[in-house]
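Student: Okay, here's the structure, questions in a sec.
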Amino acid sequence: MKLLKDLAGRMLACIDPIVILSFLILISAIASNLTSYKVVQVFGTEASLGTFTMPIILMLLNPIAEVYGKKRSNQILFATCLAEILFAVSFTALSQSQRDCGLLPLADRGHCEALNQSYVLISEHIVRGSISFAIGCLIGSQFNTRFLLYLKNLWSSRLYFIRDIFSSVVGEVVYTAICFMIAFYGVFPFATILKIFAFSLMFKFSSTVVLSWISQYIVLLLYRYQAWSEGVSGGRKVKFSSRYLQV
């Protein structure tokens, strides 16, 4: 049994939750960018597919700011934006080398041509989308993080769930306004942009409440991991201070 505990401890020592959260944030950002220009009908109004993955970013980013501070959160966000722009540039470059559908059997040419067209459609806007994401997210997250930590100091570090909702709403409004203005202007009619913007805000507001519950437990896990990594017993009561979480 002791051998198993030692082995589990060594495995946990090799797993950095910050790396895992950063990877998930990057995946969410890339998925949002790839699908942001795909407009679908939802409840009779236009919506961007990228809307459905964006709230995940703040759900994962806020716990990092809560536990490790604004500086660490900003470093991860900046690295995410830079990586997403590099991905967009690489995707655009690769999309230029399309397959020659004329060399394929007749039955496979239709699928090949459709795939080439989808690559062209995405590559036309993916760099613009990644830049708009970077600008909007960097500015919006500053409002979000500053408000989150301001309320933390104001309320003596309590009520993370409420603070996360308030700060996420502020950050999402700023991000959505900036990102949509840069990404969609001149691509869609102004009326369509307004509909996409309205649906995006309503969806993000409603999803924030649900995702804040998950964000709250991520904070708890990060505090426990931090305490464990410092040699503190994992069974100790967890309190909400500058180091511990009290729900």
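Ordering of the structure tokens sets the chain letters (A, B, ...), residue numbers begin anew at 1 in every chain, and ligands are numbered from 1 in the order given.
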Quick one: contact table of region 37-84 of chain A to region 134-147 of chain A, 12 Å max, nearest atom pair and distance in Å to one decimal per residue, counting only C-alpha atoms, chain and number order, as a Markdown table?
Tutor:
```
| residue | atom | partner | partner_atom | distance |
| --- | --- | --- | --- | --- |
| A:Met54 | CA | A:Cys137 | CA | 9.9 |
| A:Pro55 | CA | A:Cys137 | CA | 11.3 |
| A:Ile57 | CA | A:Cys137 | CA | 9.5 |
| A:Leu58 | CA | A:Ser141 | CA | 7.9 |
| A:Met59 | CA | A:Asn144 | CA | 11.3 |
| A:Leu60 | CA | A:Ser141 | CA | 11.9 |
| A:Leu61 | CA | A:Ser141 | CA | 8.8 |
| A:Asn62 | CA | A:Thr145 | CA | 7.0 |
| A:Pro63 | CA | A:Thr145 | CA | 10.1 |
| A:Ile64 | CA | A:Thr145 | CA | 9.9 |
| A:Ala65 | CA | A:Thr145 | CA | 6.7 |
| A:Glu66 | CA | A:Thr145 | CA | 8.6 |
| A:Val67 | CA | A:Thr145 | CA | 11.8 |
| A:Tyr68 | CA | A:Thr145 | CA | 11.8 |
| A:Gly69 | CA | A:Thr145 | CA | 9.0 |
| A:Lys70 | CA | A:Thr145 | CA | 6.7 |
| A:Lys71 | CA | A:Thr145 | CA | 10.0 |
| A:Arg72 | CA | A:Thr145 | CA | 11.1 |
| A:Ser73 | CA | A:Thr145 | CA | 8.3 |
| A:Asn74 | CA | A:Leu138 | CA | 8.1 |
| A:Gln75 | CA | A:Leu138 | CA | 10.6 |
| A:Ile76 | CA | A:Leu138 | CA | 10.7 |
| A:Leu77 | CA | A:Leu138 | CA | 7.2 |
| A:Phe78 | CA | A:Leu138 | CA | 7.3 |
| A:Ala79 | CA | A:Ala134 | CA | 10.1 |
| A:Thr80 | CA | A:Ala134 | CA | 8.5 |
| A:Cys81 | CA | A:Ala134 | CA | 5.1 |
| A:Leu82 | CA | A:Ala134 | CA | 7.8 |
| A:Ala83 | CA | A:Ala134 | CA | 10.1 |
| A:Glu84 | CA | A:Ala134 | CA | 8.3 |
```
Student: Using the chain letters and numbers from this document, which residues of region 22-194 of chain A does DSSP assign to strand (DSSP E), as a PDB file with C-alpha atoms, in the first residue's frame?
Tutor:
```pdb
ATOM      1  CA  VAL A  39     -23.486  31.148 -38.590  1.00  0.00           C
ATOM      2  CA  VAL A  40     -26.376  28.874 -37.630  1.00  0.00           C
ATOM      3  CA  GLN A  41     -30.029  29.393 -36.754  1.00  0.00           C
ATOM      4  CA  VAL A  42     -30.818  28.992 -33.049  1.00  0.00           C
ATOM      5  CA  THR A  45     -32.044  33.972 -34.727  1.00  0.00           C
ATOM      6  CA  GLU A  46     -28.495  33.914 -36.080  1.00  0.00           C
ATOM      7  CA  ALA A  47     -25.694  32.661 -33.868  1.00  0.00           C
ATOM      8  CA  SER A  48     -21.986  32.038 -34.301  1.00  0.00           C
TER       9      SER A  48
END
```
Student: Need the shell around Ile126 (chain A): protein/DNA/RNA residues with any atom at most 10 Å away, counting only C-alpha atoms. Skip same-chain ones fewer than 4 positions apart. Format as a VMD selection string?
Tutor: chain A and resid 30 33 to 37 84 to 85 87 to 89 91 to 92 120 to 122 130 to 132 183
Student: Choose the residue, out of A:Thr208, A:Phe52, A:Leu24, A:Val19, that has the smallest atom-to-atom separation from Val170 (chain A); count only C-alpha atoms.
Tutor: A:Thr208
Student: Using DSSP assignments from the backbone, pull out every residue in region 42-86 of chain A that falls under alpha helix (DSSP H) and give it to me as a ChimeraX atom specification.
Tutor: /A:54-68,70-86
Student: With distances taken over only C-alpha atoms, which residue among A:Ile218, A:Phe43, A:Ile27, A:Phe161 lies nearest Lys195 (chain A)?
Tutor: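 Once distances to Lys195 (chain A) are computed over only C-alpha atoms, the minimum belongs to A:Phe43.
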Student: Using only C-alpha atoms, which residues sit within 9 Å of Val209 (chain A) once same-chain residues fewer than 3 positions away are excluded, as a list in words?
Tutor: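 That gives Phe161, Ile162, Asp164, Ile165, Lys204, Phe205, Ser206, Ser212 and Trp213 of chain A.
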Student: So how far away is CA of Leu148 (chain A) from CA of Arg163 (chain A), in Å?
Tutor: 5.8 Å
